[in-house]
Each structure stands twice: as C-alpha cells, then as structure tokens.
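Content type PDB, C-alpha atoms, from the file target_22.pdb:
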```
ATOM      1  CA  ARG A 490       0.000   0.000   0.000
ATOM      2  CA  GLU A 491       2.809   2.442   0.843
ATOM      3  CA  GLU A 492       4.561   1.610  -2.444
ATOM      4  CA  VAL A 493       1.405   2.375  -4.434
ATOM      5  CA  GLN A 494       0.980   5.648  -2.527
ATOM      6  CA  ALA A 495       4.564   6.635  -3.314
ATOM      7  CA  GLN A 496       4.168   5.861  -7.018
ATOM      8  CA  ARG A 497       0.901   7.798  -7.315
ATOM      9  CA  ILE A 498       2.263  10.893  -5.578
ATOM     10  CA  ILE A 499       5.200  11.083  -7.991
ATOM     11  CA  ARG A 500       2.915  10.554 -10.965
ATOM     12  CA  GLU A 501       0.627  13.328  -9.735
ATOM     13  CA  TYR A 502       3.521  15.775  -9.347
ATOM     14  CA  LEU A 503       4.675  14.981 -12.883
ATOM     15  CA  LEU A 504       1.175  15.430 -14.275
ATOM     16  CA  LEU A 505       0.802  18.749 -12.453
ATOM     17  CA  SER A 506       4.062  19.980 -13.957
ATOM     18  CA  SER A 507       2.710  19.292 -17.444
ATOM     19  CA  THR A 508      -0.291  21.594 -16.902
ATOM     20  CA  GLY A 509       1.773  24.741 -16.300
ATOM     21  CA  ILE A 510       1.293  24.728 -12.517
ATOM     22  CA  ASN A 511       4.593  25.841 -10.954
ATOM     23  CA  ARG A 512       3.731  25.347  -7.272
ATOM     24  CA  SER A 513       2.184  22.349  -5.561
ATOM     25  CA  ALA A 514       2.187  21.044  -1.996
ATOM     26  CA  GLN A 515       1.575  17.698  -0.337
ATOM     27  CA  TYR A 516      -1.186  17.507   2.259
ATOM     28  CA  MET A 517      -0.242  16.328   4.726
ATOM     29  CA  LEU A 518       3.335  15.700   5.777
ATOM     30  CA  ARG A 519       2.595  13.046   8.403
ATOM     31  CA  ASN A 520       0.003  10.375   8.991
ATOM     32  CA  ALA A 521      -2.835  11.391  11.276
ATOM     33  CA  SER A 522      -2.800   7.766  12.424
ATOM     34  CA  ASN A 523      -0.803   4.814  11.164
ATOM     35  CA  ASN A 524      -3.493   2.173  11.619
ATOM     36  CA  SER A 525      -6.773   4.080  11.354
ATOM     37  CA  LYS A 526      -9.256   3.071   8.661
ATOM     38  CA  ILE A 527     -10.545   6.627   8.358
ATOM     39  CA  GLN A 528      -9.972   8.035   4.889
ATOM     40  CA  HIS A 529      -6.637   9.860   4.450
ATOM     41  CA  SER A 530      -5.515   9.085   8.015
ATOM     42  CA  ASN A 531      -2.329   7.432   6.738
ATOM     43  CA  SER A 532      -1.740   9.532   3.618
ATOM     44  CA  GLY A 533       1.365  11.326   4.903
ATOM     45  CA  LEU A 534       4.929  11.113   3.670
ATOM     46  CA  VAL A 535       6.049  10.041   7.147
ATOM     47  CA  SER A 536       4.436   8.071   9.939
ATOM     48  CA  GLU A 537       2.299   9.561  12.712
ATOM     49  CA  LYS A 538       3.348  12.278  15.142
ATOM     50  CA  GLY A 539       5.827  10.950  17.681
ATOM     51  CA  GLU A 540       7.449   8.614  15.155
ATOM     52  CA  TRP A 541       8.052  10.699  11.998
ATOM     53  CA  TYR A 542       9.474   7.640  10.239
ATOM     54  CA  PRO A 543       9.970   8.319   6.494
ATOM     55  CA  LYS A 544       7.767   6.214   4.210
ATOM     56  CA  PRO A 545       8.702   5.243   0.635
ATOM     57  CA  SER A 546       6.804   8.329  -0.569
ATOM     58  CA  TRP A 547       9.180  10.562   1.434
ATOM     59  CA  TYR A 548      12.213   9.151  -0.361
ATOM     60  CA  TYR A 549      10.530   9.142  -3.768
ATOM     61  CA  VAL A 550       9.463  12.795  -3.475
ATOM     62  CA  TYR A 551      12.936  13.760  -2.265
ATOM     63  CA  THR A 552      14.508  11.975  -5.243
ATOM     64  CA  LEU A 553      12.067  13.715  -7.586
ATOM     65  CA  LYS A 554      13.082  17.088  -6.147
ATOM     66  CA  ASN A 555      16.785  16.311  -6.377
ATOM     67  CA  THR A 556      16.621  14.953  -9.911
ATOM     68  CA  LEU A 557      14.501  17.752 -11.368
ATOM     69  CA  ALA A 558      16.054  20.654  -9.436
ATOM     70  CA  GLY A 559      16.582  23.538 -11.866
ATOM     71  CA  MET A 560      14.634  21.753 -14.618
ATOM     72  CA  TYR A 561      11.586  22.948 -16.542
ATOM     73  CA  TYR A 562       8.877  20.926 -18.255
ATOM     74  CA  ILE A 563       9.227  21.243 -22.035
ATOM     75  CA  GLY A 564       6.689  18.745 -23.310
ATOM     76  CA  GLU A 565       5.555  15.182 -23.814
ATOM     77  CA  GLN A 566       7.370  12.802 -26.136
ATOM     78  CA  ALA A 567       5.419  10.310 -28.206
ATOM     79  CA  SER A 568       6.179   6.831 -26.881
ATOM     80  CA  MET A 569       4.486   4.768 -29.607
ATOM     81  CA  ASN A 570       3.146   2.626 -26.743
ATOM     82  CA  PRO A 571      -0.213   3.367 -25.028
ATOM     83  CA  ASN A 572       1.201   2.039 -21.768
ATOM     84  CA  VAL A 573       4.161   4.436 -21.648
ATOM     85  CA  LEU A 574       4.136   8.157 -20.844
ATOM     86  CA  ILE A 575       7.250  10.263 -21.420
ATOM     87  CA  TYR A 576       7.700  13.805 -20.106
ATOM     88  CA  LYS A 577      10.775  15.903 -20.845
ATOM     89  CA  TYR A 578      12.524  18.450 -18.610
ATOM     90  CA  GLU A 579      15.432  20.739 -19.492
ATOM     91  CA  ASN A 580      17.742  23.078 -17.594
ATOM     92  CA  THR A 581      18.308  26.742 -18.452
ATOM     93  CA  THR A 582      21.685  26.100 -20.099
ATOM     94  CA  HIS A 583      20.146  23.463 -22.416
ATOM     95  CA  ASP A 584      22.892  20.924 -21.761
ATOM     96  CA  THR A 585      20.872  18.527 -19.608
ATOM     97  CA  LEU A 586      17.622  16.850 -20.624
ATOM     98  CA  VAL A 587      15.670  14.588 -18.259
ATOM     99  CA  TYR A 588      13.089  12.073 -19.451
ATOM    100  CA  ALA A 589      10.481  10.884 -16.950
ATOM    101  CA  LEU A 590       8.878   7.571 -17.944
ATOM    102  CA  TRP A 591       6.105   5.523 -16.384
ATOM    103  CA  SER A 592       3.079   3.426 -17.176
ATOM    104  CA  PRO A 593      -0.162   5.314 -16.359
ATOM    105  CA  THR A 594      -1.973   2.123 -15.426
ATOM    106  CA  SER A 595      -3.025   0.445 -12.187
ATOM    107  CA  ASN A 596      -2.689  -3.230 -13.122
ATOM    108  CA  GLU A 597       1.056  -3.735 -12.530
ATOM    109  CA  THR A 598       1.996  -3.119 -16.166
ATOM    110  CA  TYR A 599       5.655  -3.817 -16.943
ATOM    111  CA  ILE A 600       7.440  -3.150 -20.236
ATOM    112  CA  ALA A 601      10.902  -4.703 -20.474
ATOM    113  CA  ASP A 602      13.647  -3.175 -22.622
ATOM    114  CA  TYR A 603      11.603  -0.223 -23.832
ATOM    115  CA  GLN A 604      13.636   1.741 -26.372
ATOM    116  CA  LEU A 605      13.703   5.428 -25.473
ATOM    117  CA  SER A 606      14.611   7.749 -28.331
ATOM    118  CA  LEU A 607      17.057  10.469 -27.282
ATOM    119  CA  LEU A 608      17.896  13.854 -28.719
ATOM    120  CA  ASN A 609      20.444  13.770 -31.536
ATOM    121  CA  GLY A 610      23.915  14.480 -30.180
ATOM    122  CA  THR A 611      23.255  13.048 -26.723
ATOM    123  CA  LYS A 612      26.627  12.172 -25.167
ATOM    124  CA  SER A 613      25.692  10.366 -21.950
ATOM    125  CA  ALA A 614      22.667   8.915 -20.185
ATOM    126  CA  LYS A 615      22.079   7.852 -16.607
ATOM    127  CA  LEU A 616      19.106   6.029 -15.132
ATOM    128  CA  VAL A 617      17.692   7.266 -11.831
ATOM    129  CA  GLY A 618      15.396   4.730 -10.164
ATOM    130  CA  LEU A 619      13.199   5.564  -7.180
ATOM    131  CA  THR A 620      14.446   3.595  -4.179
ATOM    132  CA  ASN A 621      13.048   3.319  -0.671
ATOM    133  CA  GLY A 622      15.695   4.531   1.778
ATOM    134  CA  SER A 623      17.527   6.807  -0.674
ATOM    135  CA  ILE A 624      16.903  10.506  -1.349
ATOM    136  CA  GLU A 625      18.984  10.355  -4.538
ATOM    137  CA  GLY A 626      17.638   7.122  -5.992
ATOM    138  CA  THR A 627      19.616   4.330  -7.594
ATOM    139  CA  ILE A 628      21.821   5.772 -10.348
ATOM    140  CA  SER A 629      23.342   3.706 -13.158
ATOM    141  CA  ASP A 630      24.887   4.370 -16.572
ATOM    142  CA  LEU A 631      22.940   3.575 -19.727
ATOM    143  CA  LYS A 632      24.480   2.508 -23.030
ATOM    144  CA  ILE A 633      23.464   4.735 -25.936
ATOM    145  CA  SER A 634      22.991   2.954 -29.270
ATOM    146  CA  ARG A 635      21.820   4.921 -32.311
ATOM    147  CA  ASN A 636      20.386   7.656 -30.113
ATOM    148  CA  THR A 637      18.333   5.211 -28.019
ATOM    149  CA  VAL A 638      18.628   3.544 -24.629
ATOM    150  CA  LYS A 639      16.815   0.528 -23.246
ATOM    151  CA  VAL A 640      14.959   0.825 -19.932
ATOM    152  CA  ASN A 641      12.339  -1.151 -18.065
ATOM    153  CA  VAL A 642       9.108   0.809 -17.606
ATOM    154  CA  SER A 643       6.530   0.148 -14.895
ATOM    155  CA  GLU A 644       3.971   2.070 -12.858
ATOM    156  CA  ARG A 645       6.832   3.439 -10.752
ATOM    157  CA  PRO A 646       8.309   6.440 -12.623
ATOM    158  CA  ILE A 647      11.963   6.411 -13.660
ATOM    159  CA  PHE A 648      14.212   9.216 -14.874
ATOM    160  CA  VAL A 649      16.778   9.195 -17.662
ATOM    161  CA  VAL A 650      19.213  12.097 -17.257
ATOM    162  CA  THR A 651      21.087  12.933 -20.455
ATOM    163  CA  THR A 652      23.808  15.396 -21.420
ATOM    164  CA  THR A 653      24.826  16.956 -24.714
ATOM    165  CA  ASN A 654      28.213  18.397 -23.735
ATOM    166  CA  ASN A 655      30.550  15.390 -23.763
ATOM    167  CA  GLY A 656      29.249  14.022 -20.496
ATOM    168  CA  VAL A 657      30.045  17.098 -18.379
ATOM    169  CA  SER A 658      26.585  17.515 -16.942
ATOM    170  CA  SER A 659      25.317  20.394 -14.897
ATOM    171  CA  ALA A 660      22.781  18.048 -13.323
ATOM    172  CA  LYS A 661      23.224  18.353  -9.599
ATOM    173  CA  PHE A 662      22.848  14.685  -8.660
ATOM    174  CA  GLU A 663      26.313  13.764  -9.891
ATOM    175  CA  THR A 664      28.211  15.727  -7.251
ATOM    176  CA  LYS A 665      25.643  16.513  -4.581
ATOM    177  CA  ARG A 666      25.958  15.182  -1.054
ATOM    178  CA  SER A 667      22.734  15.205   0.930
ATOM    179  CA  ILE A 668      21.995  15.422   4.634
ATOM    180  CA  LEU A 669      18.489  14.729   5.938
ATOM    181  CA  LEU A 670      17.538  15.715   9.487
ATOM    182  CA  TYR A 671      14.236  15.129  11.260
ATOM    183  CA  PRO A 672      13.152  15.062  14.933
ATOM    184  CA  SER A 673      12.156  12.169  17.147
ATOM    185  CA  PHE A 674       9.488  13.275  19.587
ATOM    186  CA  THR A 675       9.828  10.115  21.659
ATOM    187  CA  ASN A 676      13.153  11.332  23.063
ATOM    188  CA  ASP A 677      15.479  14.332  22.998
ATOM    189  CA  LYS A 678      17.394  13.218  19.901
ATOM    190  CA  VAL A 679      17.273  13.984  16.189
ATOM    191  CA  VAL A 680      17.808  11.548  13.341
ATOM    192  CA  ILE A 681      20.454  12.422  10.721
ATOM    193  CA  GLU A 682      20.594  10.522   7.421
ATOM    194  CA  THR A 683      23.299  11.182   4.837
ATOM    195  CA  SER A 684      24.238  10.073   1.356
ATOM    196  CA  ASP A 685      27.720   8.697   0.723
ATOM    197  CA  LEU A 686      30.093  11.247   2.264
ATOM    198  CA  SER A 687      33.191   9.056   2.186
ATOM    199  CA  SER A 688      34.855  11.167  -0.512
ATOM    200  CA  ILE A 689      34.679  14.284   1.645
ATOM    201  CA  GLY A 690      36.827  13.020   4.512
ATOM    202  CA  ASN A 691      36.556  14.654   7.928
ATOM    203  CA  MET A 692      33.610  16.985   8.371
ATOM    204  CA  ARG A 693      31.681  18.777  11.098
ATOM    205  CA  ILE A 694      27.922  19.225  11.213
ATOM    206  CA  GLN A 695      26.360  22.159  13.066
ATOM    207  CA  ILE A 696      22.636  22.533  13.690
ATOM    208  CA  ILE A 697      21.382  26.122  14.008
ATOM    209  CA  ASN A 698      17.910  26.956  15.305
ATOM    210  CA  GLN A 699      15.582  29.729  14.116
ATOM    211  CA  THR A 700      17.209  32.309  16.387
ATOM    212  CA  GLY A 701      20.666  31.613  14.963
ATOM    213  CA  GLU A 702      21.927  29.648  17.988
ATOM    214  CA  ILE A 703      24.014  26.520  17.598
ATOM    215  CA  VAL A 704      22.194  23.605  19.250
TER     216      VAL A 704
END
```
Could you quickly redo this structure as structure tokens?
Amino acid sequence: REEVQAQRIIREYLLLSSTGINRSAQYMLRNASNNSKIQHSNSGLVSEKGEWYPKPSWYYVYTLKNTLAGMYYIGEQASMNPNVLIYKYENTTHDTLVYALWSPTSNETYIADYQLSLLNGTKSAKLVGLTNGSIEGTISDLKISRNTVKVNVSERPIFVVTTTNNGVSSAKFETKRSILLYPSFTNDKVVIETSDLSSIGNMRIQIINQTGEIV
C-alpha cells in the first residue's frame, strides 16, 4: 500500500508539472494515524506524530526534487506505446535533458527493454530509479545505441538524465551530497541521514535553530 501511494504521488507531481502549474504542496506531511481506517488518516509522507518515520513516498518525493532541481517541463514525447508516458525536462543552459517515464496504469503493467529515443547528439545517459531509503535514488549508466537507450518501464516512474556536452553535466545529482535531518518526539534526539560522504573526509555538522543559535 505504501509503495502504491509513493508511485501515485510522484505521478501526480509529474502530471501537475505538465499543466503549467509551478507550485504544488503535499497535504499532509505526516500520517494522522498509522493504523486508522478513516480516509486519508495514513496519507502522509512520514508516519504519525511521535514517530516521523519516512515512508517510501518521502524518499521518492525527495529523489524527484533532487533529480529535477533547476529543470523545466518542455513537453511530452510520443512513446508509440499506449502504456508508456514520457515527459521531458530541461535546464536553463540546455545541456541537460531529463526524461520521466512511467506506465499510467493500475494493473502492474511492466514493459521490459523499452527503447527510449534520445535527442540527436546526446553524449551520456544515466538512469535514476526511485528507491526506498535513498533521497537520490539508484543511479546507473545507460548505453546509448543509435540515439536510443533501453529501460524497463513500470507504474513506478523512472528518470533518464542525459547530457549533450561530452558528459560534463550540470545536473546536480552527480556531485551533490545530501543530509536529511528530522526530529524524534519520543526522546530528545534527532535523526540524521546522509548520502555517501566518504569522498569528503573529515567533516563537522552544526545545527542552528531559528534564532541563529548553535544547538
């Protein structure tokens, strides 16, 4: 159930972007109750107050934000398959193009080795898969053959990030290091999650409250 929720939220954000809407918000952040059968009681991105445990939808939305940061919707690409939707996003310097692909069905549709047509002159392509537990997704290189790449398409959206400047992408996910912090109201501690920071070496983290004090 949480996986389906996560998929649908991402699909809704993508659909909203295609309509020209430039601001949207999720209601609500947390579950009102984890186990209640009342409608929308467990529709949050995290579990109920006092736990605040991130659900798959939290990680999927975070990955969506990270992958499409600085990108703008430029249109839909014909997929030649009624079970595949393709939206395209581009950055302001026109050197990075992101394709969002998914099946707009609700019957567990799966298309193996779908051939995605890329822009002529595309130099590199990376696949970003939504992954529970990661705010950057699972990133892997794709082999370009005659301006196409093969990807598996399902009801969970995927992203293909491409570059046209010899692989030197301005897409932020390649170099970004992320830190996620959220409170635990069951004790006096906070939870800190990070991406791979091993390449940075020694580092110090400071938390500053709204009054500018180090806590």
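For the pair atom CA of Leu619 of chain A and atom CA of Tyr542 of chain A, the interatomic distance is 17.9 Å.
Computed from the coordinates, the atom CA of Ser532 of chain A to atom CA of Ser507 of chain A distance equals 23.6 Å.
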Name the residues that the PyMOL selection byres ((chain A and resi 504) around 12) pulls out of this structure, and write them as an NGL selection string.
:A and (497-503 or 505-511 or 513 or 562 or 564-565 or 574-577 or 589-591 or 593 or 646)
Taking the file as I've supplied it (selection: the PyMOL selection byres ((chain A and resi 579) around 12)), which residues are included? Please answer as an NGL selection string.
:A and (556-564 or 576-578 or 580-589 or 608 or 649-653 or 658-660)
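Taking atom CA of Asn636 of chain A as the reference point, atom CA of Lys612 of chain A is found at 9.2 Å.
Remark: for Lys639 of chain A, the closest of the candidate residues A:Glu540, A:Glu491, A:Glu702, A:Asp602 is A:Asp602 (distances computed over only C-alpha atoms).
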Expected selection from the PyMOL selection byres ((chain A and resi 550) around 12), given as a ChimeraX atom specification
/A:494-503,514-515,518,533-535,543-549,551-558,619-626,646
Excluding Tyr599 of chain A and its own-chain neighbours fewer than 6 positions away, which residues fall within 8 Å of it when counting only C-alpha atoms? Please give them as number ranges by chain.
A: 592, 641-644
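Distances to Thr594 of chain A were evaluated for A:Asn572, A:Thr637, A:Ser536, A:Asn609 using all atoms listed in the file, and the minimum falls at A:Asn572.
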